[in-house]
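Student: Please find one structure pasted underneath; my questions will follow.
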Protein chains: 2
Amino acid sequence: MIAELREGIVPTDPAIAVAARQRIDALTKPLGSLGRLEDLGVRLCAIAGGIPPHAYERRTILIGAGDHGVAADGVSAYPSEVTAQMIAGFLGGSAAINAFARVARAEVYVANFGVREPLAPHPRLLDLNVGYGTANLARRSAIPRGDLDEVLAAGVAAFDECYARAPFEIIALGEMGIGNSTSAAALVAGFTGEPPARIVGRGTGVDDDGLARKTAAIEAGLARCRDFTWDELASEVGGYEIVALAGVMLCAARKRIPIVLDGAIVTAAALIAVRIAPATVDYCIAAHRSREPGHAIALASLGLAPLLDLDLRLGEASGAALALPLVESAARMVREMKTFAEAGVATAETRGPVET
Amino acid sequence: MIAELREGIVPTDPAIAVAARQRIDALTKPLGSLGRLEDLGVRLCAIAGGIPPHAYERRTILIGAGDHGVAADGVSAYPSEVTAQMIAGFLGGSAAINAFARVARAEVYVANFGVREPLAPHPRLLDLNVGYGTANLARRSAIPRGDLDEVLAAGVAAFDECYARAPFEIIALGEMGIGNSTSAAALVAGFTGEPPARIVGRGTGVDDDGLARKTAAIEAGLARCRDFTWDELASEVGGYEIVALAGVMLCAARKRIPIVLDGAIVTAAALIAVRIAPATVDYCIAAHRSREPGHAIALASLGLAPLLDLDLRLGEASGAALALPLVESAARMVREMKTFAEAGVATAETRGPVET
């Protein structure tokens with residue numbers, strides 16, 4: 001399974017990035033004046049292997065969902081049953097992600113990779129769950145190591161199913177799972193070596209006691225780890241939706257489809273994917289920097305600069321959805337703007353002597 | 001003219017902002033988890049006088065254009081004729097703003113408020129010019145003080161003409177004018193009292209010598225000022241497009257239509273508008289923080305927090321256009337999301353005792 005997923009994920013070509021930068025530098029605007037949007041344009045060209053053939057208007061948002069045994073330790077401001085309740089909201093169209101998906105004109109799917117409660121069938125629900133919530137990572141392995149392949153396969157199945165229903169040119173990933181900011185923080189600490197106290201944040205809004213419980217749970221989970229490989233960390237402190245989202249990312253990278261990462265939890269999934277196939281990072285776009293302290297650390301370790309900085313910490317792909325119009329803008333910049341030569345505009349170099 | 005413009009611009013109601021915040025706090029998301037988008041939602045409600053009746057999908061982008069005599073002093077990397085050349089690009093659809101306007105599905109108009117060269121007629125060009133470029137602000141008054149009323153009136157005419165052609169629910173403002181970052185920096189320095197050296201930036205990309213010439217020009221212009229009133233500053237160091245854009249803003253505020261400010265130059269126009277009618281600021285939304293140092297200072301003096309921070313410094317409403325989908329997102333959040341009670345989701349308060 002893993003070998004198969006790895007296959008075909010190739011790094012983007014630096015020569016194409018250089019050519020893209022040259023083209024962007026020649027467009028009718030002062031050099032570098034579109035700032036970070038220019039960097040995004042370069043990245044899109046590198047992913048596409050040239051000028052993108054479209055503006056990424058066929059968009060899918062996939063929310064991976066799973067529950068976390070560690071929620072029993074009071075690491076969240078909300079009880080586990082909220083996972084299923086929020087999913088009902090996503091499917092009913094009344095959540096933040098639905099509002100933002102309307103702006104981005106994107107398809108929204110929810111994949112159940114490990115929600116505690118059974119979920120009623122729904123046309124936009126992909127029921128692929130491998131377990132009914134993880135075990136409590138503070139006390140024992142969250143996911144049996146032998147199940148990881150199956151969890152990654154669930155991610156692959158989710159990607160394939162979404163693509164079969166409505167082929168897309170870009171995928172934005174989000175998550176839902178009470179307790180999953182604890183699992184994500186543990187993964188980020190495990191992968192980066194940063195102390196949990198620097199990584200951990202208030203997630204949905206726990207108080208100081210909750211924060212202390214969260215840190216203690218992470219430390220207990222990481223104390224069981226020996227070699228800090230992706231599969232050890234994923235098994236000991238991971239989550240069904242996090243591991244499965246890594247599988248989704250591997251599929252997207254293999255198809256050279258840009259992956260828009262939401263917040264801290266999705267970025268933790270990217271850390272797993274990149275450990276499995278390092279070139280996956282070339283296909284990732286960081287939508288935003290969340291208020292979770294570990295998120296910036298995880299992004300830095302991936303070498304990704306976030307587009308938005310709006311103090312978001314909701315998850316459910318909300319930040320990723322907000323970034324989709326920026327991706328379209330960068331693609332249209334590259335595809336639709338004329339160069340100085342094409343437009344017959346004087347360049348800085350053609351300026352005559354300064355009258356003084 | 002001024003008295004008439006002032007009339008009817010009333011501050012937004014703080015009680016409506018409080019009610020909006022309460023509604024946003026009750027939506028199905030952790031408290032405050034949509035960060036700065038929540039602040040934007042509150043602002044939109046305050047402007048609308050309640051929940052906005054729409055998602056601001058009828059959008060107009062207006063680019064005010066004018067030339068600047070100070071360009072002769074070598075304050076820009078580009079010669080003055082680039083103003084007219086870039087306008088041809090906006091009207092032809094090949095500039096950055098056109099690419100971004102397609103993403104935002106917005107109408108684009110260019111208003112000639114004072115371009116040096118005559119412009120060929122075009123359906124999307126509003127030819128309202130009062131002069132053919134300002135005088136060199138380093139040596140004499142940029143605009144005769146007696147003409148300011150006429151320049152503001154040109155802004156009013158531009159607003160009315162755009163509105164008559166396609167009524168809009170939001171207006172994004174931009175500018176084009178070689179040399180206008182010098183005028184804008186002079187206005188910001190004059191209005192805020194900050195030293196020009198702290199305000200001035202490289203604009204389109206001048207070198208160190210150009211930067212020194214820019215600072216010297218601003219200091220020379222401000223040395224003629226005595227009382228630093230809006231009309232003294234607008235006349236001594238202003239620009240046709242900057243003053244006219246202030247007129248556009250006054251019209252929008254009077255109609256309770258949100259005004260999306262682009263970068264440093266449009267924000268300098270907002271400083272003028274706010275001096276004429278202070279409540280205008282309640283209707284302003286800062287799209288982004290540009291790389292021009294004076295921009296952050298101007299925004300802070302208006303009490304506005306920018307939405308995007310992408311190192312943009314292009315102008316032509318590019319940053320304002322990029323922010324339009326965020327405005328729609330905030331409006332949809334307020335209008336379309338259910339509250340916890342409506343959705344039947346457990347809140348943080350309903351969580352049972354922590355199992356430890």
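Chain labels run A, B, ... following the order of the structure tokens; each chain numbers its residues from 1, and ligands are numbered from 1 in the order shown.
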May I ask you to extract the residues of chain B within 6 Å of chain A, using only C-alpha atoms, and to give them as number ranges by chain?
Tutor: B: 30, 33-36, 72-74, 77-79, 85, 94-95, 99-100, 204, 310-314, 329, 332-333, 337-338, 345, 348, 351, 354-356
Student: Can you list, as a list in words, every protein, DNA or RNA residue that comes within 6 Å of segment 249-256 of chain A when you count only C-alpha atoms, leaving out same-chain residues fewer than 5 positions away?
Tutor: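 These residues fall inside the cut-off: Gly8, Ile9, Thr280 and Tyr283 of chain A.
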Student: Keeping only N, CA, C and O atoms, take the residues you just selected and write them out as an mmCIF file, in the first residue's frame.
Tutor:
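Saved result, out.cif, follows:
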```cif
data_model
loop_
_atom_site.group_PDB
_atom_site.id
_atom_site.type_symbol
_atom_site.label_atom_id
_atom_site.label_comp_id
_atom_site.auth_asym_id
_atom_site.auth_seq_id
_atom_site.Cartn_x
_atom_site.Cartn_y
_atom_site.Cartn_z
ATOM 1 N N GLY A 8 5.217 7.412 -8.109
ATOM 2 C CA GLY A 8 4.638 8.438 -8.977
ATOM 3 C C GLY A 8 4.542 9.809 -8.346
ATOM 4 O O GLY A 8 4.091 10.748 -8.993
ATOM 5 N N ILE A 9 4.953 9.956 -7.081
ATOM 6 C CA ILE A 9 4.991 11.303 -6.496
ATOM 7 C C ILE A 9 6.381 11.872 -6.735
ATOM 8 O O ILE A 9 7.341 11.497 -6.069
ATOM 9 N N THR A 280 5.639 15.251 -1.623
ATOM 10 C CA THR A 280 4.251 15.694 -1.434
ATOM 11 C C THR A 280 4.196 17.176 -1.083
ATOM 12 O O THR A 280 3.262 17.889 -1.463
ATOM 13 N N TYR A 283 3.359 19.983 -3.545
ATOM 14 C CA TYR A 283 1.984 20.131 -4.030
ATOM 15 C C TYR A 283 1.080 20.793 -2.985
ATOM 16 O O TYR A 283 -0.112 20.968 -3.215
#
```
Student: If we count only C-alpha atoms and set the cut-off at 10 Å, which residues sit around Ala298 of chain A, ignoring sequence neighbours fewer than 3 positions away in its own chain? Please answer as a list in words.
Tutor: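 Answer for this query is Ala184, Ala185, Leu187, Val188, Ala189, Phe191, Thr192, Glu194, Ile199, Gly263, Ala264, Ile265, Thr267, Ala268, Ala270, Leu271, Pro293, Gly294, His295, Ser301, Leu302, Gly303 and Leu304 of chain A.
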Student: Mind giving me the straight-line distance from atom CA of Ala234 of chain A to atom CA of Leu173 of chain A in Å, one decimal?
Tutor: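 It comes out at 18.4 Å.
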Student: Within segment 62-261 of chain A, find each residue whose DSSP state, derived from the backbone, is helix (DSSP H, G or I), and express the selection as a short mmCIF file (atom, residue, chain, number, x, y, z; two decimals) with N, CA, C and O atoms, in the first residue's frame.
Tutor:
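This went into result35.cif:
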```cif
data_model
loop_
_atom_site.label_atom_id
_atom_site.label_comp_id
_atom_site.auth_asym_id
_atom_site.auth_seq_id
_atom_site.Cartn_x
_atom_site.Cartn_y
_atom_site.Cartn_z
N GLY A 69 -10.19 9.28 21.57
CA GLY A 69 -10.39 8.80 22.93
C GLY A 69 -9.89 9.78 23.98
O GLY A 69 -10.43 9.85 25.09
N VAL A 70 -8.89 10.57 23.63
CA VAL A 70 -8.31 11.51 24.58
C VAL A 70 -9.31 12.59 24.99
O VAL A 70 -9.12 13.27 26.02
N ALA A 71 -10.39 12.74 24.24
CA ALA A 71 -11.42 13.73 24.62
C ALA A 71 -11.96 13.43 26.02
O ALA A 71 -12.41 14.35 26.73
N ALA A 72 -11.91 12.16 26.43
CA ALA A 72 -12.40 11.79 27.76
C ALA A 72 -11.57 12.45 28.87
O ALA A 72 -12.04 12.59 30.00
N ASP A 73 -10.37 12.89 28.54
CA ASP A 73 -9.50 13.52 29.54
C ASP A 73 -9.78 15.02 29.70
O ASP A 73 -9.03 15.71 30.40
N GLU A 81 -19.68 13.96 21.28
CA GLU A 81 -20.86 13.87 20.42
C GLU A 81 -20.99 15.07 19.48
O GLU A 81 -21.74 15.02 18.50
N VAL A 82 -20.25 16.13 19.77
CA VAL A 82 -20.30 17.30 18.89
C VAL A 82 -19.72 16.99 17.51
O VAL A 82 -20.13 17.58 16.51
N THR A 83 -18.82 16.02 17.43
CA THR A 83 -18.27 15.64 16.11
C THR A 83 -19.41 15.28 15.16
O THR A 83 -19.52 15.84 14.06
N ALA A 84 -20.25 14.36 15.59
CA ALA A 84 -21.36 13.93 14.72
C ALA A 84 -22.36 15.06 14.51
O ALA A 84 -22.91 15.21 13.41
N GLN A 85 -22.58 15.88 15.53
CA GLN A 85 -23.54 16.98 15.38
C GLN A 85 -23.03 18.00 14.36
O GLN A 85 -23.80 18.52 13.54
N MET A 86 -21.75 18.29 14.42
CA MET A 86 -21.20 19.25 13.46
C MET A 86 -21.24 18.68 12.03
O MET A 86 -21.51 19.40 11.07
N ILE A 87 -20.99 17.37 11.91
CA ILE A 87 -21.07 16.75 10.58
C ILE A 87 -22.48 16.90 10.01
O ILE A 87 -22.66 17.20 8.83
N ALA A 88 -23.47 16.73 10.87
CA ALA A 88 -24.86 16.94 10.41
C ALA A 88 -25.03 18.36 9.88
O ALA A 88 -25.72 18.59 8.88
N GLY A 89 -24.37 19.31 10.53
CA GLY A 89 -24.41 20.70 10.06
C GLY A 89 -23.74 20.86 8.70
O GLY A 89 -24.29 21.51 7.80
N PHE A 90 -22.57 20.24 8.53
CA PHE A 90 -21.87 20.33 7.23
C PHE A 90 -22.75 19.76 6.12
O PHE A 90 -22.82 20.30 5.01
N LEU A 91 -23.39 18.61 6.43
CA LEU A 91 -24.20 17.94 5.41
C LEU A 91 -25.50 18.70 5.16
O LEU A 91 -26.05 18.68 4.06
N GLY A 92 -25.96 19.40 6.19
CA GLY A 92 -27.19 20.19 6.07
C GLY A 92 -26.96 21.56 5.46
O GLY A 92 -27.91 22.27 5.11
N ALA A 96 -20.06 26.96 8.89
CA ALA A 96 -19.18 27.96 8.30
C ALA A 96 -18.63 27.48 6.96
O ALA A 96 -18.60 28.22 5.98
N ILE A 97 -18.23 26.20 6.91
CA ILE A 97 -17.63 25.72 5.66
C ILE A 97 -18.60 25.79 4.50
O ILE A 97 -18.21 26.04 3.35
N ASN A 98 -19.89 25.59 4.77
CA ASN A 98 -20.87 25.68 3.69
C ASN A 98 -20.98 27.11 3.17
O ASN A 98 -21.06 27.34 1.97
N ALA A 99 -20.97 28.07 4.11
CA ALA A 99 -21.04 29.47 3.70
C ALA A 99 -19.82 29.81 2.84
O ALA A 99 -19.95 30.45 1.78
N PHE A 100 -18.66 29.37 3.28
CA PHE A 100 -17.43 29.72 2.55
C PHE A 100 -17.33 28.94 1.23
O PHE A 100 -16.79 29.44 0.25
N ALA A 101 -17.84 27.71 1.21
CA ALA A 101 -17.81 26.92 -0.02
C ALA A 101 -18.70 27.56 -1.09
O ALA A 101 -18.41 27.46 -2.28
N ARG A 102 -19.77 28.23 -0.66
CA ARG A 102 -20.62 28.93 -1.64
C ARG A 102 -19.83 30.08 -2.29
O ARG A 102 -19.97 30.32 -3.48
N VAL A 103 -19.03 30.76 -1.49
CA VAL A 103 -18.20 31.83 -2.04
C VAL A 103 -17.22 31.24 -3.05
O VAL A 103 -17.03 31.77 -4.14
N ALA A 104 -16.62 30.11 -2.69
CA ALA A 104 -15.60 29.49 -3.56
C ALA A 104 -16.23 28.59 -4.62
O ALA A 104 -15.52 28.05 -5.45
N ARG A 145 -1.11 -0.33 15.23
CA ARG A 145 -0.16 -0.10 14.14
C ARG A 145 -0.52 -0.89 12.89
O ARG A 145 -0.36 -0.41 11.77
N GLY A 146 -1.06 -2.06 13.09
CA GLY A 146 -1.44 -2.90 11.96
C GLY A 146 -2.61 -2.34 11.16
O GLY A 146 -2.89 -2.79 10.05
N ASP A 147 -3.30 -1.35 11.72
CA ASP A 147 -4.46 -0.77 11.00
C ASP A 147 -4.08 0.42 10.12
O ASP A 147 -4.92 0.93 9.37
N LEU A 148 -2.85 0.91 10.26
CA LEU A 148 -2.50 2.17 9.57
C LEU A 148 -2.68 2.08 8.05
O LEU A 148 -3.15 3.02 7.41
N ASP A 149 -2.31 0.92 7.51
CA ASP A 149 -2.46 0.74 6.07
C ASP A 149 -3.91 0.90 5.65
O ASP A 149 -4.22 1.53 4.63
N GLU A 150 -4.79 0.35 6.47
CA GLU A 150 -6.22 0.42 6.17
C GLU A 150 -6.73 1.87 6.27
O GLU A 150 -7.59 2.29 5.50
N VAL A 151 -6.16 2.62 7.21
CA VAL A 151 -6.59 4.03 7.37
C VAL A 151 -6.12 4.84 6.17
O VAL A 151 -6.87 5.65 5.62
N LEU A 152 -4.88 4.64 5.76
CA LEU A 152 -4.39 5.33 4.55
C LEU A 152 -5.24 4.94 3.35
O LEU A 152 -5.59 5.80 2.51
N ALA A 153 -5.62 3.68 3.27
CA ALA A 153 -6.44 3.21 2.15
C ALA A 153 -7.81 3.89 2.16
O ALA A 153 -8.39 4.16 1.10
N ALA A 154 -8.31 4.17 3.35
CA ALA A 154 -9.60 4.89 3.44
C ALA A 154 -9.45 6.29 2.84
O ALA A 154 -10.36 6.80 2.18
N GLY A 155 -8.28 6.91 3.07
CA GLY A 155 -8.01 8.22 2.47
C GLY A 155 -7.98 8.14 0.95
O GLY A 155 -8.54 8.98 0.24
N VAL A 156 -7.33 7.09 0.46
CA VAL A 156 -7.26 6.88 -0.99
C VAL A 156 -8.67 6.69 -1.55
O VAL A 156 -9.04 7.28 -2.58
N ALA A 157 -9.47 5.90 -0.85
CA ALA A 157 -10.84 5.65 -1.32
C ALA A 157 -11.65 6.94 -1.34
O ALA A 157 -12.45 7.19 -2.26
N ALA A 158 -11.44 7.79 -0.33
CA ALA A 158 -12.17 9.07 -0.27
C ALA A 158 -11.78 9.95 -1.46
O ALA A 158 -12.63 10.55 -2.13
N PHE A 159 -10.48 10.03 -1.72
CA PHE A 159 -10.02 10.84 -2.85
C PHE A 159 -10.64 10.33 -4.14
O PHE A 159 -11.20 11.10 -4.92
N ASP A 160 -10.56 9.02 -4.35
CA ASP A 160 -11.05 8.44 -5.60
C ASP A 160 -12.56 8.67 -5.76
O ASP A 160 -13.04 8.98 -6.85
N GLU A 161 -13.28 8.51 -4.67
CA GLU A 161 -14.73 8.67 -4.72
C GLU A 161 -15.10 10.12 -5.07
O GLU A 161 -15.96 10.37 -5.91
N CYS A 162 -14.44 11.09 -4.41
CA CYS A 162 -14.70 12.51 -4.72
C CYS A 162 -14.38 12.80 -6.18
O CYS A 162 -15.14 13.47 -6.89
N TYR A 163 -13.26 12.28 -6.63
CA TYR A 163 -12.81 12.57 -7.99
C TYR A 163 -13.77 11.94 -9.02
O TYR A 163 -14.06 12.54 -10.06
N ALA A 164 -14.26 10.78 -8.67
CA ALA A 164 -15.18 10.10 -9.59
C ALA A 164 -16.49 10.88 -9.69
O ALA A 164 -17.10 10.98 -10.75
N ARG A 165 -16.93 11.45 -8.57
CA ARG A 165 -18.20 12.18 -8.59
C ARG A 165 -18.10 13.50 -9.34
O ARG A 165 -19.00 13.88 -10.08
N ASN A 180 -9.08 16.42 18.39
CA ASN A 180 -8.01 16.22 17.42
C ASN A 180 -6.91 17.28 17.46
O ASN A 180 -5.83 17.05 16.93
N SER A 181 -7.15 18.40 18.13
CA SER A 181 -6.02 19.34 18.23
C SER A 181 -4.98 18.81 19.21
O SER A 181 -3.79 19.16 19.12
N THR A 182 -5.39 17.93 20.13
CA THR A 182 -4.42 17.27 21.02
C THR A 182 -3.57 16.27 20.23
O THR A 182 -2.33 16.26 20.34
N SER A 183 -4.23 15.47 19.42
CA SER A 183 -3.50 14.51 18.59
C SER A 183 -2.55 15.23 17.63
O SER A 183 -1.38 14.84 17.48
N ALA A 184 -3.05 16.29 16.99
CA ALA A 184 -2.21 17.03 16.03
C ALA A 184 -1.00 17.64 16.73
O ALA A 184 0.12 17.60 16.21
N ALA A 185 -1.21 18.21 17.92
CA ALA A 185 -0.10 18.82 18.65
C ALA A 185 0.94 17.75 19.01
O ALA A 185 2.15 17.99 18.95
N ALA A 186 0.47 16.57 19.39
CA ALA A 186 1.40 15.48 19.72
C ALA A 186 2.21 15.09 18.48
O ALA A 186 3.43 14.88 18.57
N LEU A 187 1.55 15.02 17.33
CA LEU A 187 2.27 14.68 16.10
C LEU A 187 3.30 15.74 15.75
O LEU A 187 4.44 15.43 15.40
N VAL A 188 2.90 17.02 15.86
CA VAL A 188 3.84 18.10 15.53
C VAL A 188 5.03 18.06 16.48
O VAL A 188 6.19 18.18 16.06
N ALA A 189 4.76 17.86 17.78
CA ALA A 189 5.86 17.76 18.75
C ALA A 189 6.76 16.58 18.41
O ALA A 189 7.99 16.69 18.42
N GLY A 190 6.14 15.45 18.09
CA GLY A 190 6.91 14.25 17.78
C GLY A 190 7.76 14.40 16.52
O GLY A 190 8.91 13.98 16.48
N PHE A 191 7.18 15.02 15.50
CA PHE A 191 7.91 15.15 14.23
C PHE A 191 8.98 16.25 14.28
O PHE A 191 10.02 16.14 13.63
N THR A 192 8.71 17.32 15.01
CA THR A 192 9.66 18.45 14.99
C THR A 192 10.62 18.43 16.17
O THR A 192 11.63 19.13 16.15
N PRO A 196 6.14 19.82 23.82
CA PRO A 196 4.69 19.96 23.71
C PRO A 196 4.17 21.29 24.25
O PRO A 196 3.23 21.86 23.69
N ALA A 197 4.78 21.81 25.31
CA ALA A 197 4.28 23.06 25.89
C ALA A 197 4.35 24.22 24.89
O ALA A 197 3.57 25.16 24.97
N ARG A 198 5.29 24.13 23.94
CA ARG A 198 5.40 25.20 22.92
C ARG A 198 4.38 25.00 21.80
O ARG A 198 4.05 25.93 21.08
N ILE A 199 3.94 23.77 21.63
CA ILE A 199 3.08 23.41 20.50
C ILE A 199 1.61 23.58 20.83
O ILE A 199 0.81 24.01 20.01
N ASP A 208 -7.27 27.08 31.30
CA ASP A 208 -5.89 26.75 31.69
C ASP A 208 -5.75 25.31 32.17
O ASP A 208 -4.78 24.62 31.86
N ASP A 209 -6.75 24.83 32.94
CA ASP A 209 -6.70 23.45 33.41
C ASP A 209 -6.74 22.49 32.22
O ASP A 209 -6.01 21.50 32.17
N GLY A 210 -7.62 22.81 31.27
CA GLY A 210 -7.73 21.96 30.08
C GLY A 210 -6.42 21.93 29.31
O GLY A 210 -5.99 20.89 28.82
N LEU A 211 -5.77 23.09 29.25
CA LEU A 211 -4.49 23.19 28.54
C LEU A 211 -3.44 22.32 29.23
O LEU A 211 -2.65 21.63 28.57
N ALA A 212 -3.45 22.34 30.55
CA ALA A 212 -2.50 21.51 31.30
C ALA A 212 -2.79 20.03 31.06
O ALA A 212 -1.86 19.22 30.90
N ARG A 213 -4.08 19.66 31.03
CA ARG A 213 -4.44 18.25 30.77
C ARG A 213 -3.99 17.84 29.37
O ARG A 213 -3.53 16.72 29.16
N LYS A 214 -4.15 18.78 28.44
CA LYS A 214 -3.77 18.51 27.06
C LYS A 214 -2.26 18.24 26.96
O LYS A 214 -1.83 17.27 26.34
N THR A 215 -1.48 19.12 27.58
CA THR A 215 -0.02 18.97 27.56
C THR A 215 0.39 17.65 28.21
O THR A 215 1.24 16.93 27.68
N ALA A 216 -0.25 17.33 29.34
CA ALA A 216 0.09 16.08 30.04
C ALA A 216 -0.24 14.87 29.18
O ALA A 216 0.54 13.91 29.11
N ALA A 217 -1.38 14.92 28.49
CA ALA A 217 -1.77 13.79 27.64
C ALA A 217 -0.75 13.59 26.52
O ALA A 217 -0.35 12.46 26.22
N ILE A 218 -0.33 14.70 25.92
CA ILE A 218 0.64 14.62 24.82
C ILE A 218 1.97 14.06 25.32
O ILE A 218 2.57 13.18 24.69
N GLU A 219 2.40 14.55 26.48
CA GLU A 219 3.67 14.06 27.02
C GLU A 219 3.60 12.57 27.33
O GLU A 219 4.55 11.82 27.05
N ALA A 220 2.46 12.14 27.86
CA ALA A 220 2.30 10.71 28.16
C ALA A 220 2.33 9.89 26.88
O ALA A 220 2.95 8.82 26.81
N GLY A 221 1.67 10.39 25.85
CA GLY A 221 1.64 9.66 24.57
C GLY A 221 3.02 9.57 23.95
O GLY A 221 3.44 8.51 23.47
N LEU A 222 3.74 10.69 23.94
CA LEU A 222 5.06 10.71 23.30
C LEU A 222 6.08 9.90 24.11
O LEU A 222 7.08 9.42 23.55
N ALA A 223 5.83 9.74 25.43
CA ALA A 223 6.76 8.97 26.27
C ALA A 223 6.83 7.51 25.81
O ALA A 223 7.80 6.80 26.08
N TRP A 230 7.11 7.90 11.16
CA TRP A 230 5.73 8.32 10.91
C TRP A 230 4.74 7.31 11.42
O TRP A 230 3.70 7.68 11.98
N ASP A 231 5.06 6.02 11.26
CA ASP A 231 4.06 5.02 11.64
C ASP A 231 3.99 4.84 13.15
O ASP A 231 2.91 4.64 13.71
N GLU A 232 5.13 5.02 13.82
CA GLU A 232 5.06 4.97 15.29
C GLU A 232 4.22 6.12 15.81
O GLU A 232 3.30 5.93 16.62
N LEU A 233 4.51 7.33 15.33
CA LEU A 233 3.78 8.51 15.82
C LEU A 233 2.30 8.42 15.45
O LEU A 233 1.42 8.73 16.25
N ALA A 234 2.02 8.03 14.20
CA ALA A 234 0.62 7.94 13.77
C ALA A 234 -0.14 6.94 14.62
O ALA A 234 -1.30 7.16 14.98
N SER A 235 0.50 5.85 14.95
CA SER A 235 -0.16 4.82 15.76
C SER A 235 -0.31 5.26 17.21
O SER A 235 -1.39 5.16 17.81
N GLU A 236 0.74 5.79 17.80
CA GLU A 236 0.70 6.12 19.22
C GLU A 236 -0.19 7.33 19.52
O GLU A 236 -0.95 7.33 20.48
N VAL A 237 -0.06 8.39 18.72
CA VAL A 237 -0.76 9.65 19.06
C VAL A 237 -1.59 10.22 17.90
O VAL A 237 -2.09 11.34 17.99
N TYR A 240 -7.68 8.85 13.25
CA TYR A 240 -8.12 8.24 11.99
C TYR A 240 -8.19 9.28 10.87
O TYR A 240 -7.74 9.05 9.76
N GLU A 241 -8.80 10.43 11.18
CA GLU A 241 -8.97 11.42 10.11
C GLU A 241 -7.62 12.01 9.71
O GLU A 241 -7.42 12.36 8.54
N ILE A 242 -6.69 12.12 10.65
CA ILE A 242 -5.39 12.73 10.34
C ILE A 242 -4.58 11.81 9.43
O ILE A 242 -4.03 12.23 8.41
N VAL A 243 -4.53 10.54 9.78
CA VAL A 243 -3.78 9.59 8.95
C VAL A 243 -4.44 9.44 7.58
O VAL A 243 -3.76 9.42 6.54
N ALA A 244 -5.76 9.37 7.56
CA ALA A 244 -6.46 9.21 6.28
C ALA A 244 -6.24 10.44 5.39
O ALA A 244 -6.09 10.31 4.18
N LEU A 245 -6.22 11.63 6.00
CA LEU A 245 -5.97 12.84 5.20
C LEU A 245 -4.57 12.81 4.58
O LEU A 245 -4.37 13.32 3.48
N ALA A 246 -3.63 12.20 5.29
CA ALA A 246 -2.30 12.02 4.69
C ALA A 246 -2.42 11.16 3.43
O ALA A 246 -1.79 11.45 2.41
N GLY A 247 -3.26 10.15 3.49
CA GLY A 247 -3.50 9.32 2.31
C GLY A 247 -4.12 10.11 1.16
O GLY A 247 -3.74 9.95 0.00
N VAL A 248 -5.06 10.99 1.50
CA VAL A 248 -5.68 11.85 0.48
C VAL A 248 -4.60 12.70 -0.18
O VAL A 248 -4.56 12.85 -1.41
N MET A 249 -3.70 13.25 0.63
CA MET A 249 -2.64 14.12 0.09
C MET A 249 -1.72 13.36 -0.86
O MET A 249 -1.31 13.90 -1.90
N LEU A 250 -1.40 12.13 -0.51
CA LEU A 250 -0.52 11.35 -1.38
C LEU A 250 -1.18 11.14 -2.75
O LEU A 250 -0.53 11.24 -3.79
N CYS A 251 -2.49 10.87 -2.73
CA CYS A 251 -3.22 10.71 -4.01
C CYS A 251 -3.17 11.98 -4.83
O CYS A 251 -2.95 11.94 -6.04
N ALA A 252 -3.41 13.13 -4.16
CA ALA A 252 -3.43 14.41 -4.88
C ALA A 252 -2.06 14.71 -5.47
O ALA A 252 -1.94 15.10 -6.63
N ALA A 253 -1.02 14.49 -4.67
CA ALA A 253 0.34 14.77 -5.15
C ALA A 253 0.68 13.88 -6.34
O ALA A 253 1.29 14.32 -7.31
N ARG A 254 0.24 12.64 -6.27
CA ARG A 254 0.50 11.71 -7.38
C ARG A 254 -0.18 12.18 -8.66
O ARG A 254 0.32 12.01 -9.75
#
```
Student: Residues of segment 74-145 of chain A classed as strand (DSSP E or B) by DSSP on the backbone are to be reported as JSON, numbers by chain.
Tutor: {"A": [107, 108, 109, 110, 111, 112, 113, 114, 125, 126, 127]}
Student: Can you write out the residues you just picked, keeping C-alpha atoms, as a compact mmCIF listing (two decimals), in the first residue's frame?
Tutor:
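Resulting contents of result-v1.txt:
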```txt
# COMPACT_ATOMS: atom_id res chain seq x y z
CA GLU A 107 -18.14 20.83 -3.78
CA VAL A 108 -18.17 19.77 -0.10
CA TYR A 109 -17.82 16.18 1.06
CA VAL A 110 -17.42 14.71 4.52
CA ALA A 111 -15.46 11.50 4.94
CA ASN A 112 -16.09 9.50 8.08
CA PHE A 113 -12.75 7.91 8.85
CA GLY A 114 -13.39 7.12 12.50
CA LEU A 125 -21.05 11.58 3.33
CA LEU A 126 -18.39 9.03 2.45
CA ASP A 127 -18.64 6.37 5.14
```
Student: Report, in Å with one decimal, the straight-line distance from atom CA of Leu119 of chain B to atom CA of Gly64 of chain B.
Tutor: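 So the answer is 13.6 Å.
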Student: Give me, please, the distance in Å between atom CA of Ala172 of chain B and atom CA of Arg23 of chain A, quoted to one decimal.
Tutor: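 Computing it gives 27.9 Å between the two atoms.
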